[in-house]
Amino acid sequence: MAIKIEKKIKGYNVVKPEDKAAPAPAAAPVKDTAPVAEVIQMHESLERPETLVGNTYKIKSPLFEHALYVTINDIVLNAGTQHEQRRPFELFINSKNMDHFQWIVALTRILSAVFRKGGDVTFIVEELKAVFDPRGGYFKAGGVYMPSIVAEIGAVIEQHMKSIGLIHDPDMSEATRQLIAEKRAAYEKANAKPASSSVGAATAASPSPENTSTEAPHTNASGFPAGATLCAKCNTQALVLMDGCQTCLNCGYSKCG
């Protein structure tokens, strides 16, 4: 049987008998894919925008005559999308005190370079907070112990990272809060001193319940009992001896587990 080919032959293939028996696969329906937002990741080649958002924190240390002002500027990635987030981009430290100008400039440049590098930069917080001054640390407002000025800069960076959602603090459960409150109330009751009052000889011989009162123990700068020592977990003077065990009235830490 002759077949007339009226069109120009552009290609050919050999069809075997078994290929004729197999049905041709049905074309899969084309689905409309939803548009995906372009996610911008932090990396070294990310150019600095003309405007950045940031915060300035004041550090007043007894080691310095003048205060330090720490400014942390953030870059906003994927603005206007569900992937929007703020990441630290640069850091500046300014002060009237020029005694430590060299290491302050070096620290700001290194930290800014680490921020622009991208990735997980939260490790900086623990590294800075672990720096100790050989001359000794100091207590900042609120009774929190700072082992060095560099450690307080690390605490400021931690505070900033928490505010932009880069670090999440584990929430203390309500049961733990209630337990700490009960321990503090029990400690203050056990260490309360009788209030001094001038009473007559007859009243002193037979005191009445109305004249019996107690005086709450004095508190330290952090608002905890004056005899409290420094807690190794939260760096607050809130560690007291209760039932033969050192217990922190601020974070609930206990050496007995």
# chains A, B, ... in the order shown; residues from 1 in each chain; ligands from 1
>>> closest_atom_pairs(of="range 109-161 of chain A", to="range 52-60 of chain A", cutoff="9 Å", atoms="only C-alpha atoms", output="CSV")
residue,atom,partner,partner_atom,distance
A:Lys140,CA,A:Lys60,CA,8.0
A:Ile149,CA,A:Ile59,CA,8.7
A:Glu152,CA,A:Ile59,CA,7.7
A:Ile153,CA,A:Ile59,CA,7.9
A:Val156,CA,A:Tyr57,CA,7.1
A:His160,CA,A:Asn55,CA,7.9
>>> residues_around(residues="Ile164 in chain A", least_positions_apart="3", cutoff="8 Å", atoms="only C-alpha atoms", output="mmCIF file with N, CA and C atoms, in the first residue's frame")
data_model
loop_
_atom_site.group_PDB
_atom_site.id
_atom_site.type_symbol
_atom_site.label_atom_id
_atom_site.label_comp_id
_atom_site.auth_asym_id
_atom_site.auth_seq_id
_atom_site.Cartn_x
_atom_site.Cartn_y
_atom_site.Cartn_z
ATOM 1 N N GLN A 85 11.553 40.331 58.391
ATOM 2 C CA GLN A 85 12.263 40.214 59.654
ATOM 3 C C GLN A 85 13.352 41.270 59.732
ATOM 4 N N ARG A 86 13.698 41.634 60.964
ATOM 5 C CA ARG A 86 14.775 42.585 61.206
ATOM 6 C C ARG A 86 16.018 41.832 61.657
ATOM 7 N N ARG A 87 17.145 42.222 61.089
ATOM 8 C CA ARG A 87 18.424 41.615 61.469
ATOM 9 C C ARG A 87 19.422 42.721 61.778
ATOM 10 N N HIS A 160 18.503 43.784 72.684
ATOM 11 C CA HIS A 160 18.048 44.231 71.357
ATOM 12 C C HIS A 160 17.572 43.056 70.510
ATOM 13 N N MET A 161 18.313 41.954 70.546
ATOM 14 C CA MET A 161 17.915 40.790 69.754
ATOM 15 C C MET A 161 16.589 40.210 70.233
ATOM 16 N N ILE A 167 16.074 36.438 69.448
ATOM 17 C CA ILE A 167 16.263 35.567 70.601
ATOM 18 C C ILE A 167 14.940 35.475 71.343
#
